[in-house]
Amino acid sequence: MRLLFLGDIVGRSGRQAVLEALPGLRRRYALDVVIINAENSAGGFGITESILMDLLEAGADAVTLGNHAFDQKEALVFIERHDRLVRPINYPAGTPGRGSTLIQTKGGADVLVINAMGRIFMAELDDPFRAIDAELTACRLKQGADAILIDFHAEATSEKQALGYFVDGRASVVVGTHTHVPTADDRVLPGGTAYISDVGMCGDYNSVLGMDIEEPINRFLTKIPRQRFEPSHGPGSVAGLAVEIDDKTGLATACSALRMGPNLEPATPDFWAE
Ligand code: FE2
């Protein structure tokens with residue numbers, strides 16, 4: 001199974017880059033499943049239903065979220081209608097939506113998608129380790145699902161690495177999101193779980209984490225907000241992780257960062273013949 005995960009879409013630049021690139025990527029690499037984090041896709045804050053529909057139409061099989069999941073208030077309602085949209089599993093009980101979803105690819109494979117949020121330098125949600133452990137116990141690899149992807153939306157690389165090893169051999173892929181800066185540690189862990197601390201973002205890299213550079217500099221200098229953070233609207237790039245999954249074991253045999261576009265070090269999965 002060929003899986004592609006794309007990192008946090010930031011604003012219009014990120015949306016355009018993904019909508020333009022995705023159909024071609026699906027064809028070029030004969031992708032079986034595509035999952036995208038879109039928690040910053042609506043003006044940098046949250047997601048709307050029409051953006052979700054555009055992403056699904058362009059070839060996303062599932063969309064994940066994070067700390068900005070409900071910044072657009074309409075998400076509290078429409079999230080209940082879409083079983084391909086996932087918010088962090090460790091929100092308080094009773095939060096609208098779902099923390100995991102089992103989707104079926106066109107080829108008939110079942111893929112479990114789990115979204116969770118870290119707790120270091122972030123809101124104090126429930127324990128993500130125990131929440132993910134319960135999920136993996138209820139739906140084991142090659143019993144309940146042919147592949148399992150975990151999007152761990154977290155700030156600290158220590159928490160992300162620990163989670164990677166915690167589920168190594170029980171999940172196909174752990175992708176880190178949220179920092180918007182790609183890390184250079186994409187690899188398959190000893191137990192067979194593909195891992196990267198952060199895939200990076202889809203958006204304008206001539207920016208501060210996808211936002212116009214002016215206001216972040218102002219806030220560091222003066223501590224006085226002058227305007228709200230606005231997504232940077234230059235040409236967008238695409239960043240993600242490509243994973244080859246063994247159909248027999250559900251574990252990863254190879255993974256590589258995939259990065260394309262301006263102001264970003266390019267990366268191509270060389271284990272997939274075009
Ligand atoms: Fe985030």
# chains A, B, ... in the order shown; residues from 1 in each chain; ligands from 1
call {"tool": "residues_near_ligand", "arguments": {"ligand": "ligand 1", "cutoff": "10 Å", "atoms": "only C-alpha atoms and all ligand atoms", "output": "MDAnalysis selection string"}}
result
chainID A and resid 8 37:40 44:46 65:69 117 122 153:155 177:180
call {"tool": "residues_around", "arguments": {"residues": "Val111 (chain A)", "least_positions_apart": "2", "cutoff": "7 Å", "atoms": "only C-alpha atoms", "output": "MDAnalysis selection string"}}
result
chainID A and resid 102:104 109 113 145:148
call {"tool": "write_last_selection", "arguments": {"atoms": "C-alpha atoms", "output": "PDB file, in the first residue's frame"}}
result
ATOM      1  CA  LEU A 102     -11.740   3.647   9.758  1.00  0.00           C
ATOM      2  CA  ILE A 103     -11.772   4.469   6.056  1.00  0.00           C
ATOM      3  CA  GLN A 104     -11.791   2.143   3.070  1.00  0.00           C
ATOM      4  CA  ALA A 109      -8.125  -1.855   2.238  1.00  0.00           C
ATOM      5  CA  VAL A 113      -6.645   7.160  11.053  1.00  0.00           C
ATOM      6  CA  ALA A 145      -7.200  -2.544   9.947  1.00  0.00           C
ATOM      7  CA  ASP A 146      -4.786  -3.124   7.039  1.00  0.00           C
ATOM      8  CA  ALA A 147      -2.862   0.034   7.943  1.00  0.00           C
ATOM      9  CA  ILE A 148      -2.885   2.479  10.846  1.00  0.00           C
TER      10      ILE A 148
END
call {"tool": "select_by_dssp", "arguments": {"residues": "region 22-225 of chain A", "states": "alpha helix (DSSP H)", "output": "VMD selection string"}}
result
chain A and resid 22 to 29 49 to 58 75 to 78 128 to 138 157 to 166 214 to 222
call {"tool": "residues_around", "arguments": {"residues": "region 83-100 of chain A", "least_positions_apart": "3", "cutoff": "10 Å", "atoms": "only C-alpha atoms", "output": "ChimeraX atom specification"}}
result
/A:35-39,52,56,60-70,75-80,103,112-119,123-132,135,149-153
call {"tool": "closest_residue", "arguments": {"among": "A:Gln143, A:Tyr195, A:Thr268, A:Ala184", "to": "Tyr165 (chain A)", "atoms": "only C-alpha atoms"}}
result
A:Tyr195
call {"tool": "closest_residue", "arguments": {"among": "A:Ser158, A:Ile224, A:Asp212, A:Ala273", "to": "Ser13 (chain A)", "atoms": "only C-alpha atoms"}}
result
A:Asp212
call {"tool": "residues_around", "arguments": {"residues": "Gly164 (chain A)", "least_positions_apart": "6", "cutoff": "10 Å", "atoms": "only C-alpha atoms", "output": "PyMOL selection string"}}
result
chain A and resi 150+152+158+170-171+173-176+189+193-197
call {"tool": "atom_distance", "arguments": {"atom1": "CA of Gly240 (chain A)", "atom2": "CA of Val167 (chain A)"}}
result
20.3 Å
call {"tool": "closest_residue", "arguments": {"among": "A:Thr249, A:Gln227, A:Asn206, A:Ser50", "to": "Met1 (chain A)", "atoms": "only C-alpha atoms"}}
result
A:Thr249
call {"tool": "atom_distance", "arguments": {"atom1": "CA of Met201 (chain A)", "atom2": "CA of Ala239 (chain A)"}}
result
5.7 Å
call {"tool": "closest_residue", "arguments": {"among": "A:Leu241, A:Ala156, A:Ile9, A:Leu251", "to": "Phe121 (chain A)", "atoms": "only C-alpha atoms"}}
result
A:Ala156
call {"tool": "residues_around", "arguments": {"residues": "Arg28 (chain A)", "least_positions_apart": "6", "cutoff": "12 Å", "atoms": "only C-alpha atoms", "output": "list in words"}}
result
Arg2, Ala21, Leu22, Thr268, Pro269, Trp272, Ala273 and Glu274 of chain A
call {"tool": "select_by_dssp", "arguments": {"residues": "region 109-177 of chain A", "states": "strand (DSSP E)", "output": "MDAnalysis selection string"}}
result
chainID A and resid 110:117 147:153 173:177
call {"tool": "residues_around", "arguments": {"residues": "Glu230 (chain A)", "least_positions_apart": "6", "cutoff": "10 Å", "atoms": "only C-alpha atoms", "output": "PDB file with all heavy atoms, in the first residue's frame"}}
result
ATOM      1  N   VAL A  10      -1.766  25.751   5.452  1.00  0.00           N
ATOM      2  CA  VAL A  10      -1.928  27.089   6.030  1.00  0.00           C
ATOM      3  C   VAL A  10      -2.494  28.036   4.977  1.00  0.00           C
ATOM      4  O   VAL A  10      -1.825  28.376   3.998  1.00  0.00           O
ATOM      5  CB  VAL A  10      -0.595  27.641   6.568  1.00  0.00           C
ATOM      6  CG1 VAL A  10      -0.827  29.009   7.220  1.00  0.00           C
ATOM      7  CG2 VAL A  10       0.019  26.684   7.582  1.00  0.00           C
ATOM      8  N   GLY A  11      -3.733  28.447   5.191  1.00  0.00           N
ATOM      9  CA  GLY A  11      -4.360  29.488   4.373  1.00  0.00           C
ATOM     10  C   GLY A  11      -4.483  29.146   2.896  1.00  0.00           C
ATOM     11  O   GLY A  11      -4.330  27.991   2.477  1.00  0.00           O
ATOM     12  N   GLY A  43      -7.979  30.576   6.480  1.00  0.00           N
ATOM     13  CA  GLY A  43      -7.348  31.817   6.933  1.00  0.00           C
ATOM     14  C   GLY A  43      -6.349  31.599   8.053  1.00  0.00           C
ATOM     15  O   GLY A  43      -6.105  32.497   8.859  1.00  0.00           O
ATOM     16  N   GLY A  44      -5.777  30.418   8.130  1.00  0.00           N
ATOM     17  CA  GLY A  44      -4.787  30.107   9.156  1.00  0.00           C
ATOM     18  C   GLY A  44      -5.379  29.530  10.428  1.00  0.00           C
ATOM     19  O   GLY A  44      -4.646  29.055  11.299  1.00  0.00           O
ATOM     20  N   PHE A  45      -6.708  29.543  10.537  1.00  0.00           N
ATOM     21  CA  PHE A  45      -7.350  29.120  11.790  1.00  0.00           C
ATOM     22  C   PHE A  45      -8.548  28.216  11.529  1.00  0.00           C
ATOM     23  O   PHE A  45      -9.629  28.691  11.171  1.00  0.00           O
ATOM     24  CB  PHE A  45      -7.771  30.343  12.608  1.00  0.00           C
ATOM     25  CG  PHE A  45      -6.601  31.233  12.968  1.00  0.00           C
ATOM     26  CD1 PHE A  45      -6.264  32.315  12.164  1.00  0.00           C
ATOM     27  CD2 PHE A  45      -5.820  30.966  14.083  1.00  0.00           C
ATOM     28  CE1 PHE A  45      -5.172  33.123  12.478  1.00  0.00           C
ATOM     29  CE2 PHE A  45      -4.737  31.771  14.406  1.00  0.00           C
ATOM     30  CZ  PHE A  45      -4.404  32.853  13.603  1.00  0.00           C
ATOM     31  N   GLY A 210       4.125  30.094   8.149  1.00  0.00           N
ATOM     32  CA  GLY A 210       2.998  30.236   7.231  1.00  0.00           C
ATOM     33  C   GLY A 210       2.299  31.584   7.350  1.00  0.00           C
ATOM     34  O   GLY A 210       1.425  31.908   6.562  1.00  0.00           O
ATOM     35  N   MET A 211       2.679  32.355   8.373  1.00  0.00           N
ATOM     36  CA  MET A 211       2.038  33.662   8.589  1.00  0.00           C
ATOM     37  C   MET A 211       2.936  34.779   8.037  1.00  0.00           C
ATOM     38  O   MET A 211       4.164  34.655   8.054  1.00  0.00           O
ATOM     39  CB  MET A 211       1.791  33.889  10.077  1.00  0.00           C
ATOM     40  CG  MET A 211       0.828  32.893  10.698  1.00  0.00           C
ATOM     41  SD  MET A 211      -0.852  33.096  10.048  1.00  0.00           S
ATOM     42  CE  MET A 211      -1.649  31.629  10.701  1.00  0.00           C
ATOM     43  N   ASP A 212       2.294  35.883   7.633  1.00  0.00           N
ATOM     44  CA  ASP A 212       3.009  37.087   7.237  1.00  0.00           C
ATOM     45  C   ASP A 212       4.069  37.433   8.272  1.00  0.00           C
ATOM     46  O   ASP A 212       3.780  37.440   9.469  1.00  0.00           O
ATOM     47  CB  ASP A 212       2.011  38.259   7.163  1.00  0.00           C
ATOM     48  CG  ASP A 212       1.796  38.703   5.731  1.00  0.00           C
ATOM     49  OD1 ASP A 212       2.597  38.315   4.870  1.00  0.00           O
ATOM     50  OD2 ASP A 212       0.817  39.431   5.500  1.00  0.00           O
ATOM     51  N   ILE A 213       5.278  37.771   7.827  1.00  0.00           N
ATOM     52  CA  ILE A 213       6.389  37.923   8.779  1.00  0.00           C
ATOM     53  C   ILE A 213       6.293  39.187   9.651  1.00  0.00           C
ATOM     54  O   ILE A 213       6.852  39.226  10.739  1.00  0.00           O
ATOM     55  CB  ILE A 213       7.763  37.924   8.049  1.00  0.00           C
ATOM     56  CG1 ILE A 213       7.838  39.046   7.022  1.00  0.00           C
ATOM     57  CG2 ILE A 213       8.010  36.591   7.392  1.00  0.00           C
ATOM     58  CD1 ILE A 213       9.188  39.112   6.322  1.00  0.00           C
ATOM     59  N   GLU A 214       5.540  40.191   9.203  1.00  0.00           N
ATOM     60  CA  GLU A 214       5.557  41.492   9.884  1.00  0.00           C
ATOM     61  C   GLU A 214       5.037  41.429  11.328  1.00  0.00           C
ATOM     62  O   GLU A 214       5.694  41.893  12.255  1.00  0.00           O
ATOM     63  CB  GLU A 214       4.708  42.475   9.075  1.00  0.00           C
ATOM     64  CG  GLU A 214       5.119  43.919   9.260  1.00  0.00           C
ATOM     65  CD  GLU A 214       4.345  44.830   8.312  1.00  0.00           C
ATOM     66  OE1 GLU A 214       4.382  44.577   7.090  1.00  0.00           O
ATOM     67  OE2 GLU A 214       3.705  45.744   8.815  1.00  0.00           O
ATOM     68  N   GLU A 215       3.866  40.849  11.512  1.00  0.00           N
ATOM     69  CA  GLU A 215       3.249  40.844  12.841  1.00  0.00           C
ATOM     70  C   GLU A 215       4.008  39.967  13.846  1.00  0.00           C
ATOM     71  O   GLU A 215       4.201  40.382  14.998  1.00  0.00           O
ATOM     72  CB  GLU A 215       1.769  40.446  12.744  1.00  0.00           C
ATOM     73  CG  GLU A 215       1.014  40.430  14.065  1.00  0.00           C
ATOM     74  CD  GLU A 215       0.980  41.789  14.797  1.00  0.00           C
ATOM     75  OE1 GLU A 215       1.317  42.814  14.180  1.00  0.00           O
ATOM     76  OE2 GLU A 215       0.646  41.804  15.995  1.00  0.00           O
ATOM     77  N   PRO A 216       4.483  38.770  13.469  1.00  0.00           N
ATOM     78  CA  PRO A 216       5.302  38.005  14.434  1.00  0.00           C
ATOM     79  C   PRO A 216       6.527  38.787  14.907  1.00  0.00           C
ATOM     80  O   PRO A 216       6.829  38.792  16.100  1.00  0.00           O
ATOM     81  CB  PRO A 216       5.711  36.753  13.648  1.00  0.00           C
ATOM     82  CG  PRO A 216       4.628  36.579  12.639  1.00  0.00           C
ATOM     83  CD  PRO A 216       4.181  37.966  12.274  1.00  0.00           C
TER      84      PRO A 216
END
call {"tool": "atom_distance", "arguments": {"atom1": "CA of Leu3 (chain A)", "atom2": "CA of Val33 (chain A)"}}
result
5.0 Å
call {"tool": "closest_residue", "arguments": {"among": "A:Ala138, A:Leu6, A:Arg187, A:Val18", "to": "Ile51 (chain A)", "atoms": "only C-alpha atoms"}}
result
A:Val18
call {"tool": "closest_residue", "arguments": {"among": "A:Ser41, A:Glu20, A:Ala162, A:Thr101", "to": "Cys139 (chain A)", "atoms": "only C-alpha atoms"}}
result
A:Thr101
call {"tool": "decode", "arguments": {"residues": "region 29-56 of chain A", "atoms": "C-alpha atoms", "output": "PDB file, in the first residue's frame"}}
result
ATOM      1  CA  TYR A  29       2.865   7.516  -7.586  1.00  0.00           C
ATOM      2  CA  ALA A  30      -0.320   5.408  -7.907  1.00  0.00           C
ATOM      3  CA  LEU A  31      -1.213   6.329  -4.335  1.00  0.00           C
ATOM      4  CA  ASP A  32      -3.670   4.124  -2.455  1.00  0.00           C
ATOM      5  CA  VAL A  33      -4.451   6.520   0.361  1.00  0.00           C
ATOM      6  CA  VAL A  34      -3.895  10.231   1.063  1.00  0.00           C
ATOM      7  CA  ILE A  35      -4.396  11.890   4.453  1.00  0.00           C
ATOM      8  CA  ILE A  36      -3.979  15.643   5.046  1.00  0.00           C
ATOM      9  CA  ASN A  37      -3.810  17.833   8.140  1.00  0.00           C
ATOM     10  CA  ALA A  38      -5.926  20.929   7.445  1.00  0.00           C
ATOM     11  CA  GLU A  39      -6.321  22.552  10.858  1.00  0.00           C
ATOM     12  CA  ASN A  40      -4.945  25.909   9.590  1.00  0.00           C
ATOM     13  CA  SER A  41      -6.593  25.821   6.176  1.00  0.00           C
ATOM     14  CA  ALA A  42      -9.259  28.522   6.766  1.00  0.00           C
ATOM     15  CA  GLY A  43      -7.348  31.817   6.933  1.00  0.00           C
ATOM     16  CA  GLY A  44      -4.787  30.107   9.156  1.00  0.00           C
ATOM     17  CA  PHE A  45      -7.350  29.120  11.790  1.00  0.00           C
ATOM     18  CA  GLY A  46      -9.496  25.996  11.590  1.00  0.00           C
ATOM     19  CA  ILE A  47     -11.403  24.502   8.664  1.00  0.00           C
ATOM     20  CA  THR A  48     -14.725  25.160   6.919  1.00  0.00           C
ATOM     21  CA  GLU A  49     -17.002  22.561   5.365  1.00  0.00           C
ATOM     22  CA  SER A  50     -16.414  23.889   1.841  1.00  0.00           C
ATOM     23  CA  ILE A  51     -12.618  23.578   2.257  1.00  0.00           C
ATOM     24  CA  LEU A  52     -13.093  20.020   3.523  1.00  0.00           C
ATOM     25  CA  MET A  53     -15.217  19.169   0.464  1.00  0.00           C
ATOM     26  CA  ASP A  54     -12.571  20.666  -1.896  1.00  0.00           C
ATOM     27  CA  LEU A  55      -9.849  18.516  -0.294  1.00  0.00           C
ATOM     28  CA  LEU A  56     -11.923  15.320  -0.462  1.00  0.00           C
TER      29      LEU A  56
END
